[in-house]
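Q: So here's data23.cif (mmCIF, C-alpha atoms, pLDDT in the B column; chains and numbers go by the auth columns).
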```cif
data_final
#
loop_
_atom_site.group_PDB
_atom_site.id
_atom_site.type_symbol
_atom_site.label_atom_id
_atom_site.label_comp_id
_atom_site.label_asym_id
_atom_site.label_seq_id
_atom_site.Cartn_x
_atom_site.Cartn_y
_atom_site.Cartn_z
_atom_site.B_iso_or_equiv
_atom_site.auth_seq_id
_atom_site.auth_asym_id
ATOM 1 C CA MET A 1 90.385 38.704 147.544 50.00 203 A
ATOM 2 C CA PHE A 2 87.320 40.811 146.718 53.00 204 A
ATOM 3 C CA GLY A 3 89.582 43.381 145.015 51.00 205 A
ATOM 4 C CA VAL A 4 89.626 41.300 141.811 52.00 206 A
ATOM 5 C CA GLU A 5 86.120 39.871 142.065 61.00 207 A
ATOM 6 C CA GLN A 6 83.336 41.486 140.062 59.00 208 A
ATOM 7 C CA THR A 7 79.843 42.361 141.196 60.00 209 A
ATOM 8 C CA ALA A 8 76.626 41.637 139.338 57.00 210 A
ATOM 9 C CA ASP A 9 76.861 44.968 137.496 59.00 211 A
ATOM 10 C CA GLY A 10 80.403 44.325 136.285 61.00 212 A
ATOM 11 C CA GLN A 11 82.218 46.466 138.855 69.00 213 A
ATOM 12 C CA ARG A 12 84.858 45.277 141.272 80.00 214 A
ATOM 13 C CA TYR A 13 84.258 45.222 144.991 81.00 215 A
ATOM 14 C CA ILE A 14 87.264 47.480 145.427 87.00 216 A
ATOM 15 C CA ASP A 15 85.335 50.058 143.414 88.00 217 A
ATOM 16 C CA TRP A 16 82.657 49.991 146.086 89.00 218 A
ATOM 17 C CA LEU A 17 85.275 50.823 148.706 91.00 219 A
ATOM 18 C CA LEU A 18 86.668 53.649 146.583 92.00 220 A
ATOM 19 C CA SER A 19 83.168 55.029 146.084 92.00 221 A
ATOM 20 C CA GLY A 20 82.575 54.919 149.836 94.00 222 A
ATOM 21 C CA LEU A 21 85.930 56.584 150.419 95.00 223 A
ATOM 22 C CA GLY A 22 84.910 59.410 148.101 95.00 224 A
ATOM 23 C CA TRP A 23 81.721 60.095 150.057 96.00 225 A
ATOM 24 C CA THR A 24 83.645 59.871 153.341 96.00 226 A
ATOM 25 C CA LEU A 25 86.214 62.417 152.176 95.00 227 A
ATOM 26 C CA ALA A 26 83.549 64.782 150.832 96.00 228 A
ATOM 27 C CA LEU A 27 81.517 64.557 154.025 95.00 229 A
ATOM 28 C CA ALA A 28 84.560 65.079 156.258 95.00 230 A
ATOM 29 C CA PHE A 29 86.070 67.895 154.183 95.00 231 A
ATOM 30 C CA PHE A 30 82.979 70.074 153.864 96.00 232 A
ATOM 31 C CA GLY A 31 81.780 69.162 157.354 95.00 233 A
ATOM 32 C CA TRP A 32 85.090 70.328 158.806 95.00 234 A
ATOM 33 C CA TRP A 33 84.889 73.764 157.204 95.00 235 A
ATOM 34 C CA ILE A 34 81.313 74.218 158.410 96.00 236 A
ATOM 35 C CA ALA A 35 82.407 73.160 161.887 96.00 237 A
ATOM 36 C CA PHE A 36 85.439 75.461 161.878 96.00 238 A
ATOM 37 C CA ALA A 37 83.534 78.544 160.700 96.00 239 A
ATOM 38 C CA VAL A 38 80.620 78.050 163.095 97.00 240 A
ATOM 39 C CA GLY A 39 82.877 76.954 165.944 96.00 241 A
ATOM 40 C CA VAL A 40 85.063 80.060 165.747 96.00 242 A
ATOM 41 C CA LEU A 41 82.026 82.342 165.760 96.00 243 A
ATOM 42 C CA VAL A 42 80.383 80.534 168.669 97.00 244 A
ATOM 43 C CA GLY A 43 83.674 80.392 170.564 96.00 245 A
ATOM 44 C CA ILE A 44 84.064 84.147 170.200 96.00 246 A
ATOM 45 C CA GLY A 45 80.468 84.596 171.321 95.00 247 A
ATOM 46 C CA ARG A 46 81.272 82.677 174.516 94.00 248 A
ATOM 47 C CA THR A 47 83.835 85.335 175.490 94.00 249 A
ATOM 48 C CA VAL A 48 82.137 88.609 174.549 92.00 250 A
ATOM 49 C CA LYS A 49 80.827 90.949 177.236 89.00 251 A
ATOM 50 C CA ASN A 50 77.291 90.952 175.827 92.00 252 A
ATOM 51 C CA ARG A 51 75.456 88.555 178.144 94.00 253 A
ATOM 52 C CA PHE A 52 72.712 87.792 175.638 96.00 254 A
ATOM 53 C CA VAL A 53 75.175 86.748 172.941 95.00 255 A
ATOM 54 C CA ALA A 54 77.232 84.775 175.453 95.00 256 A
ATOM 55 C CA ALA A 55 74.108 82.983 176.689 96.00 257 A
ATOM 56 C CA LEU A 56 73.048 82.043 173.147 97.00 258 A
ATOM 57 C CA ALA A 57 76.533 80.734 172.381 96.00 259 A
ATOM 58 C CA ARG A 58 76.560 78.663 175.556 96.00 260 A
ATOM 59 C CA LEU A 59 73.090 77.299 174.797 97.00 261 A
ATOM 60 C CA TYR A 60 74.272 76.190 171.357 97.00 262 A
ATOM 61 C CA VAL A 61 77.295 74.421 172.832 96.00 263 A
ATOM 62 C CA GLU A 62 75.302 72.656 175.530 95.00 264 A
ATOM 63 C CA ILE A 63 72.667 71.404 173.085 95.00 265 A
ATOM 64 C CA PHE A 64 74.878 70.185 170.254 96.00 266 A
ATOM 65 C CA ARG A 65 77.695 68.850 172.404 93.00 267 A
ATOM 66 C CA ASN A 66 75.554 66.849 174.839 94.00 268 A
ATOM 67 C CA ILE A 67 73.185 65.132 172.381 94.00 269 A
ATOM 68 C CA PRO A 68 74.720 61.981 170.841 94.00 270 A
ATOM 69 C CA VAL A 69 75.716 62.420 167.212 94.00 271 A
ATOM 70 C CA LEU A 70 73.588 59.416 166.199 94.00 272 A
ATOM 71 C CA VAL A 71 70.475 61.009 167.689 96.00 273 A
ATOM 72 C CA GLN A 72 71.261 64.278 165.939 96.00 274 A
ATOM 73 C CA MET A 73 71.651 62.422 162.654 96.00 275 A
ATOM 74 C CA PHE A 74 68.152 60.976 163.015 96.00 276 A
ATOM 75 C CA LEU A 75 66.726 64.366 163.983 95.00 277 A
ATOM 76 C CA TRP A 76 68.149 66.059 160.884 95.00 278 A
ATOM 77 C CA TYR A 77 67.045 63.268 158.548 95.00 279 A
ATOM 78 C CA PHE A 78 63.690 62.113 159.922 94.00 280 A
ATOM 79 C CA VAL A 79 62.353 64.904 162.145 94.00 281 A
ATOM 80 C CA LEU A 80 63.374 68.139 160.443 93.00 282 A
ATOM 81 C CA PRO A 81 61.285 67.607 157.251 92.00 283 A
ATOM 82 C CA GLU A 82 58.241 66.909 159.425 93.00 284 A
ATOM 83 C CA VAL A 83 58.457 70.071 161.524 93.00 285 A
ATOM 84 C CA LEU A 84 59.132 72.435 158.616 90.00 286 A
ATOM 85 C CA PRO A 85 56.281 73.952 156.584 90.00 287 A
ATOM 86 C CA GLY A 86 54.670 71.438 154.238 86.00 288 A
ATOM 87 C CA THR A 87 56.107 72.727 150.965 91.00 289 A
ATOM 88 C CA LEU A 88 59.661 72.989 152.282 92.00 290 A
ATOM 89 C CA GLY A 89 59.462 69.676 154.096 90.00 291 A
ATOM 90 C CA ASN A 90 58.202 67.887 150.971 92.00 292 A
ATOM 91 C CA ALA A 91 60.975 69.469 148.915 92.00 293 A
ATOM 92 C CA ILE A 92 63.574 68.099 151.326 91.00 294 A
ATOM 93 C CA LYS A 93 61.995 64.638 151.209 90.00 295 A
ATOM 94 C CA GLN A 94 62.128 64.658 147.409 92.00 296 A
ATOM 95 C CA ILE A 95 65.871 65.301 147.181 92.00 297 A
ATOM 96 C CA PRO A 96 67.183 62.318 145.193 92.00 298 A
ATOM 97 C CA PRO A 97 69.687 59.908 146.746 89.00 299 A
ATOM 98 C CA PRO A 98 72.445 60.022 147.741 91.00 300 A
ATOM 99 C CA TRP A 99 72.101 63.787 148.221 94.00 301 A
ATOM 100 C CA GLY A 100 69.004 63.327 150.358 93.00 302 A
ATOM 101 C CA SER A 101 71.236 61.588 152.914 94.00 303 A
ATOM 102 C CA PHE A 102 74.418 63.569 152.277 96.00 304 A
ATOM 103 C CA PHE A 103 73.107 67.030 153.199 95.00 305 A
ATOM 104 C CA PRO A 104 71.531 66.029 156.558 95.00 306 A
ATOM 105 C CA ALA A 105 74.711 64.139 157.445 96.00 307 A
ATOM 106 C CA LEU A 106 76.805 67.165 156.456 96.00 308 A
ATOM 107 C CA LEU A 107 74.797 69.536 158.661 96.00 309 A
ATOM 108 C CA CYS A 108 74.810 67.078 161.540 96.00 310 A
ATOM 109 C CA LEU A 109 78.572 66.524 161.552 96.00 311 A
ATOM 110 C CA GLY A 110 79.339 70.189 160.927 96.00 312 A
ATOM 111 C CA LEU A 111 77.176 71.582 163.729 96.00 313 A
ATOM 112 C CA TYR A 112 78.072 68.813 166.186 96.00 314 A
ATOM 113 C CA THR A 113 81.810 69.317 165.688 96.00 315 A
ATOM 114 C CA ALA A 114 81.360 73.105 165.792 96.00 316 A
ATOM 115 C CA ALA A 115 80.186 72.867 169.402 96.00 317 A
ATOM 116 C CA ARG A 116 83.394 71.067 170.348 95.00 318 A
ATOM 117 C CA ILE A 117 85.578 73.521 168.439 96.00 319 A
ATOM 118 C CA ALA A 118 83.791 76.461 170.085 96.00 320 A
ATOM 119 C CA GLU A 119 84.918 75.330 173.525 95.00 321 A
ATOM 120 C CA GLN A 120 88.503 75.035 172.330 94.00 322 A
ATOM 121 C CA VAL A 121 88.374 78.501 170.801 95.00 323 A
ATOM 122 C CA ARG A 122 86.981 79.857 174.069 95.00 324 A
ATOM 123 C CA ALA A 123 89.787 78.184 176.009 93.00 325 A
ATOM 124 C CA GLY A 124 92.374 79.593 173.605 93.00 326 A
ATOM 125 C CA ILE A 125 91.014 83.125 173.962 94.00 327 A
ATOM 126 C CA GLU A 126 90.875 82.910 177.756 92.00 328 A
ATOM 127 C CA ALA A 127 94.455 81.569 177.840 91.00 329 A
ATOM 128 C CA LEU A 128 95.797 84.800 176.347 90.00 330 A
ATOM 129 C CA PRO A 129 97.093 87.457 178.748 90.00 331 A
ATOM 130 C CA LYS A 130 94.607 90.248 179.431 87.00 332 A
ATOM 131 C CA GLY A 131 97.285 92.706 178.424 88.00 333 A
ATOM 132 C CA GLN A 132 96.688 91.801 174.776 87.00 334 A
ATOM 133 C CA ALA A 133 93.161 93.209 174.796 87.00 335 A
ATOM 134 C CA GLU A 134 94.173 96.132 177.003 88.00 336 A
ATOM 135 C CA ALA A 135 96.973 97.087 174.621 90.00 337 A
ATOM 136 C CA ALA A 136 94.568 96.934 171.676 89.00 338 A
ATOM 137 C CA ASN A 137 92.117 99.171 173.520 87.00 339 A
ATOM 138 C CA ALA A 138 94.908 101.593 174.321 89.00 340 A
ATOM 139 C CA LEU A 139 95.668 101.809 170.605 89.00 341 A
ATOM 140 C CA GLY A 140 92.057 102.730 169.919 89.00 342 A
ATOM 141 C CA LEU A 141 90.956 99.460 168.313 89.00 343 A
ATOM 142 C CA SER A 142 87.277 98.563 168.533 90.00 344 A
ATOM 143 C CA ALA A 143 86.136 95.257 170.006 89.00 345 A
ATOM 144 C CA TYR A 144 85.645 93.829 166.505 91.00 346 A
ATOM 145 C CA LEU A 145 89.140 94.832 165.351 92.00 347 A
ATOM 146 C CA THR A 146 90.654 93.591 168.606 92.00 348 A
ATOM 147 C CA TYR A 147 89.172 90.140 168.113 92.00 349 A
ATOM 148 C CA ARG A 148 89.977 90.065 164.407 92.00 350 A
ATOM 149 C CA HIS A 149 93.577 91.261 164.451 91.00 351 A
ATOM 150 C CA VAL A 150 94.825 90.536 167.971 91.00 352 A
ATOM 151 C CA ILE A 151 92.915 87.925 169.954 93.00 353 A
ATOM 152 C CA VAL A 152 91.544 85.369 167.494 93.00 354 A
ATOM 153 C CA PRO A 153 94.748 84.876 165.421 92.00 355 A
ATOM 154 C CA GLN A 154 96.757 84.163 168.573 91.00 356 A
ATOM 155 C CA ALA A 155 94.071 81.918 170.056 92.00 357 A
ATOM 156 C CA LEU A 156 93.841 79.830 166.878 92.00 358 A
ATOM 157 C CA ARG A 157 97.596 79.356 166.844 91.00 359 A
ATOM 158 C CA LEU A 158 97.472 78.118 170.428 90.00 360 A
ATOM 159 C CA ILE A 159 94.756 75.520 169.848 91.00 361 A
ATOM 160 C CA VAL A 160 96.116 73.900 166.681 90.00 362 A
ATOM 161 C CA PRO A 161 97.298 70.782 168.595 87.00 363 A
ATOM 162 C CA SER A 162 93.887 70.302 170.225 87.00 364 A
ATOM 163 C CA LEU A 163 92.126 70.815 166.891 91.00 365 A
ATOM 164 C CA THR A 164 93.985 67.782 165.566 90.00 366 A
ATOM 165 C CA SER A 165 91.677 65.429 167.452 89.00 367 A
ATOM 166 C CA GLU A 166 88.646 67.206 165.996 90.00 368 A
ATOM 167 C CA VAL A 167 89.927 66.817 162.433 90.00 369 A
ATOM 168 C CA MET A 168 90.456 63.117 163.028 89.00 370 A
ATOM 169 C CA GLY A 169 87.085 62.870 164.769 89.00 371 A
ATOM 170 C CA VAL A 170 85.235 64.224 161.742 91.00 372 A
ATOM 171 C CA TYR A 171 86.585 61.391 159.591 88.00 373 A
ATOM 172 C CA LYS A 172 85.579 58.783 162.158 90.00 374 A
ATOM 173 C CA ASN A 173 82.113 60.227 162.758 93.00 375 A
ATOM 174 C CA THR A 174 81.267 60.003 159.051 94.00 376 A
ATOM 175 C CA SER A 175 80.577 56.308 159.650 93.00 377 A
ATOM 176 C CA VAL A 176 77.370 57.293 161.505 94.00 378 A
ATOM 177 C CA ALA A 177 75.928 58.456 158.170 94.00 379 A
ATOM 178 C CA LEU A 178 75.325 54.827 157.160 93.00 380 A
ATOM 179 C CA THR A 179 72.308 54.844 159.505 94.00 381 A
ATOM 180 C CA ILE A 180 70.462 57.243 157.166 94.00 382 A
ATOM 181 C CA GLY A 181 71.416 55.456 153.961 91.00 383 A
ATOM 182 C CA LEU A 182 74.593 57.233 152.818 92.00 384 A
ATOM 183 C CA MET A 183 76.909 54.658 151.251 92.00 385 A
ATOM 184 C CA GLU A 184 80.127 55.919 152.750 94.00 386 A
ATOM 185 C CA LEU A 185 83.145 53.763 153.575 94.00 387 A
ATOM 186 C CA THR A 186 81.703 51.754 156.471 94.00 388 A
ATOM 187 C CA ALA A 187 78.425 51.159 154.645 94.00 389 A
ATOM 188 C CA GLN A 188 80.287 49.910 151.579 93.00 390 A
ATOM 189 C CA ALA A 189 82.397 47.594 153.732 93.00 391 A
ATOM 190 C CA ARG A 190 79.234 46.143 155.258 93.00 392 A
ATOM 191 C CA GLN A 191 77.713 45.706 151.806 91.00 393 A
ATOM 192 C CA ILE A 192 80.821 43.871 150.591 90.00 394 A
ATOM 193 C CA SER A 193 80.727 41.676 153.684 89.00 395 A
ATOM 194 C CA GLU A 194 77.114 40.719 153.001 88.00 396 A
ATOM 195 C CA ALA A 195 77.820 40.024 149.324 86.00 397 A
ATOM 196 C CA THR A 196 81.047 38.036 149.668 85.00 398 A
ATOM 197 C CA PHE A 197 80.928 36.772 153.288 85.00 399 A
ATOM 198 C CA GLN A 198 84.512 38.022 153.623 86.00 400 A
ATOM 199 C CA THR A 199 83.787 40.058 156.726 88.00 401 A
ATOM 200 C CA PHE A 200 87.341 40.222 158.011 91.00 402 A
ATOM 201 C CA THR A 201 88.746 41.299 154.649 89.00 403 A
ATOM 202 C CA ALA A 202 86.057 43.920 154.008 90.00 404 A
ATOM 203 C CA PHE A 203 86.201 45.607 157.406 93.00 405 A
ATOM 204 C CA GLY A 204 89.963 45.101 157.627 93.00 406 A
ATOM 205 C CA ALA A 205 90.373 47.106 154.427 92.00 407 A
ATOM 206 C CA ALA A 206 88.060 49.811 155.731 93.00 408 A
ATOM 207 C CA THR A 207 90.018 49.916 158.997 93.00 409 A
ATOM 208 C CA LEU A 208 93.306 50.428 157.177 94.00 410 A
ATOM 209 C CA ILE A 209 91.785 53.230 155.109 94.00 411 A
ATOM 210 C CA TYR A 210 90.491 54.982 158.236 93.00 412 A
ATOM 211 C CA LEU A 211 93.914 54.571 159.841 93.00 413 A
ATOM 212 C CA ALA A 212 95.626 56.073 156.801 93.00 414 A
ATOM 213 C CA LEU A 213 93.225 59.032 156.814 91.00 415 A
ATOM 214 C CA ALA A 214 93.856 59.631 160.517 90.00 416 A
ATOM 215 C CA LEU A 215 97.636 59.539 160.068 92.00 417 A
ATOM 216 C CA ILE A 216 97.483 61.925 157.111 93.00 418 A
ATOM 217 C CA ALA A 217 95.292 64.320 159.101 91.00 419 A
ATOM 218 C CA TYR A 218 97.642 64.091 162.079 91.00 420 A
ATOM 219 C CA GLN A 219 100.761 64.801 160.043 93.00 421 A
ATOM 220 C CA SER A 220 99.058 67.678 158.230 92.00 422 A
ATOM 221 C CA MET A 221 98.022 69.292 161.498 91.00 423 A
ATOM 222 C CA MET A 222 101.531 68.862 162.907 91.00 424 A
ATOM 223 C CA LEU A 223 102.953 70.703 159.897 92.00 425 A
ATOM 224 C CA ILE A 224 100.405 73.482 160.392 90.00 426 A
ATOM 225 C CA ASP A 225 101.259 73.647 164.089 87.00 427 A
ATOM 226 C CA LYS A 226 104.963 73.903 163.285 88.00 428 A
ATOM 227 C CA ALA A 227 104.357 76.651 160.736 88.00 429 A
ATOM 228 C CA LEU A 228 102.109 78.679 163.079 83.00 430 A
ATOM 229 C CA HIS A 229 103.981 78.005 166.307 77.00 431 A
ATOM 230 C CA ILE A 230 104.243 81.015 168.614 69.00 432 A
ATOM 231 C CA PRO A 231 107.907 81.535 169.603 71.00 433 A
ATOM 232 C CA GLY A 232 108.562 81.168 173.305 65.00 434 A
ATOM 233 C CA THR A 233 105.693 78.771 174.045 60.00 435 A
ATOM 234 C CA ALA A 234 107.699 75.538 173.704 53.00 436 A
ATOM 235 C CA PRO A 235 108.372 73.632 176.935 45.00 437 A
ATOM 236 C CA ALA A 236 111.871 73.800 178.331 41.00 438 A
ATOM 237 C CA ARG A 237 114.180 70.968 177.360 45.00 439 A
ATOM 238 C CA ASP A 238 115.375 68.697 180.153 42.00 440 A
ATOM 239 C CA ASP A 239 118.808 68.171 178.643 42.00 441 A
ATOM 240 C CA ILE A 240 119.717 71.870 178.812 41.00 442 A
ATOM 241 C CA THR A 241 122.164 72.600 181.624 43.00 443 A
ATOM 242 C CA VAL A 242 122.952 76.063 182.853 42.00 444 A
ATOM 243 C CA GLU A 243 126.559 76.678 183.826 45.00 445 A
ATOM 244 C CA ALA A 244 127.139 78.845 186.866 44.00 446 A
ATOM 245 C CA PRO A 245 129.339 81.919 186.473 48.00 447 A
ATOM 246 C CA ALA A 246 132.987 81.568 187.481 49.00 448 A
ATOM 247 C CA SER A 247 132.550 83.976 190.407 49.00 449 A
ATOM 248 C CA GLU A 248 129.816 81.762 191.884 46.00 450 A
ATOM 249 C CA LEU A 249 132.011 78.676 191.476 42.00 451 A
ATOM 250 C CA GLN A 250 134.835 80.408 193.313 52.00 452 A
ATOM 251 C CA GLN A 251 132.493 81.422 196.133 49.00 453 A
ATOM 252 C CA GLY A 252 131.237 77.865 196.376 49.00 454 A
ATOM 253 C CA GLY A 253 134.813 76.543 196.655 53.00 455 A
ATOM 254 C CA ALA A 254 135.690 79.046 199.347 49.00 456 A
ATOM 255 C CA LEU A 255 132.569 78.083 201.294 41.00 457 A
ATOM 256 C CA ARG A 256 133.516 74.388 201.215 52.00 458 A
ATOM 257 C CA GLU A 257 137.059 75.195 202.469 54.00 459 A
ATOM 258 C CA ALA A 258 135.666 77.231 205.343 43.00 460 A
ATOM 259 C CA MET A 259 133.385 74.339 206.351 45.00 461 A
ATOM 260 C CA GLU A 260 136.341 71.938 206.344 50.00 462 A
ATOM 261 C CA ILE A 261 138.351 74.286 208.614 49.00 463 A
ATOM 262 C CA ALA A 262 135.391 74.583 210.983 44.00 464 A
ATOM 263 C CA LYS A 263 135.233 70.815 211.284 45.00 465 A
#
```
In structure tokens, write the structure found in this file.
A:
Amino acid sequence: MFGVEQTADGQRYIDWLLSGLGWTLALAFFGWWIAFAVGVLVGIGRTVKNRFVAALARLYVEIFRNIPVLVQMFLWYFVLPEVLPGTLGNAIKQIPPPWGSFFPALLCLGLYTAARIAEQVRAGIEALPKGQAEAANALGLSAYLTYRHVIVPQALRLIVPSLTSEVMGVYKNTSVALTIGLMELTAQARQISEATFQTFTAFGAATLIYLALALIAYQSMMLIDKALHIPGTAPARDDITVEAPASELQQGGALREAMEIAK
């Protein structure tokens, strides 16, 4: 197994996987918080009455959600330094590795996932009864305070289950960063495969790590959903039976007797 074999520089191949795992976790963790912050703001913008703000928010969603994440990764890494002013573009090009690949990948994943979260936030806000906003207005709350204290907290609690797939998606999309030179988990697995020719073992180990990350993210989001669950929104249980009152049972018996006499 490559876990006990050493590389030319004296490290073990398992250390390469752990190094890739570290970059994957860093990219997913910080990318998620960028996506969540931007996504909530854009999602709110999709529901405000100001048409200009709503149009800008929709434009953002349509652009970032409909362009493949791989294409966006190339745009952030290769194109952005070329279209910026010369001094700023050269400064970005001179960022030493691996940070020169990490920051474009971070922005790409964060802004791409934010567009998906924005639509879920919009759906959560629109799912709330209109009486919530009307009651806040009746109490004299401004639009800002209504969103901050009434609408957004309830909407976020409603969409926790759907956000689970986005959390798991961030971890999986980090593998695209290998195309711009970031040695994350998938890139390290490919490097081990090329060095040892143990392709099945290298990518099998990476697969198990991704699976473990997804399960941890899923269980964490389920705990958050349970802690923030809104009472009264759970579906009715099928095994619950409702007993009829005794008076109704007596009426039903009398009705059956009358039908027998009529026959």
Q: Skipping near chain neighbours, those fewer than 2 positions away, what residues fall within 8 Å of segment 226-238 of chain A using all atoms listed in the file, listed as a ChimeraX atom specification?
A: /A:222-224,240-242,304,307-309,311-317,319,369,372-373,376-377,386-387
Q: For Met423 of chain A, which of A:Ile411, A:Val378, A:Met370, A:Met275 is the closest residue, counting only C-alpha atoms?
A: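 Closest candidate: A:Met370.
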Q: Find the spatial neighbours of Pro433 of chain A, counting all atoms listed in the file, within a cut-off of 12 Å - ignore same-chain residues fewer than 5 positions away - and output them as an NGL selection string.
A: :A and (356 or 359-360 or 427-428)
Q: Between A:Arg248, A:Arg253, A:Arg392, A:Lys295, which residue has the minimum interatomic distance to Glu321 of chain A, considering all atoms listed in the file?
A: A:Arg248
Q: When distances are computed from all atoms listed in the file, which of A:Met424, A:Val285, A:Leu258, A:Val244 shows the smallest separation from Ser367 of chain A?
A: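 Between A:Met424, A:Val285, A:Leu258, A:Val244, the residue approaching Ser367 of chain A most closely is A:Met424.
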Q: In Å, how far is it from atom CA of Gln274 of chain A to atom CA of Leu365 of chain A?
A: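 Rounded to one decimal, the two atoms are 21.9 Å apart.
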Q: Hey, which of A:Ala391, A:Ala340, A:Cys310, A:Val352 ends up closest to Ala408 of chain A? Count all atoms listed in the file.
A: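 Smallest distance to Ala408 of chain A is found for A:Ala391.
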Q: How far is it from atom CA of Ile327 of chain A to atom CA of Glu264 of chain A, in Å with one decimal?
A: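 Result for atom CA of Ile327 of chain A versus atom CA of Glu264 of chain A: 18.9 Å, one decimal.
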Q: Which distance in Å separates atom CA of Ala379 of chain A and atom CA of Val263 of chain A, to one decimal?
A: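 So the answer is 21.7 Å.
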Q: Which residue out of A:Ile353, A:Val250, A:Val281, A:Leu243 has the minimum interatomic distance to Lys332 of chain A when only C-alpha atoms are used?
A: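 Looking at the shortest contact to Lys332 of chain A, the residue is A:Ile353.
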Q: Smallest atom-to-atom distance to Ala325 of chain A: which of A:Ala429, A:Ile382, A:Ala414, A:Val354, using all atoms listed in the file?
A: A:Val354
Q: Padding of 8 Å on every side, edges along x, y and z, all listed atoms of segment 320-336 of chain A included: what centre and edge lengths in Å, to one decimal, does that box have, as JSON?
A:
```
{"center_x": 90.5, "center_y": 85.6, "center_z": 174.8, "size_x": 29.5, "size_y": 37.1, "size_z": 25.3}
```
Q: Report as number ranges by chain all protein, DNA and RNA residues lying within 12 Å of Ile426 of chain A, evaluated on only C-alpha atoms, omitting residues in the same chain fewer than 3 positions from it.
A: A: 358-363, 365-366, 419-423, 429-432
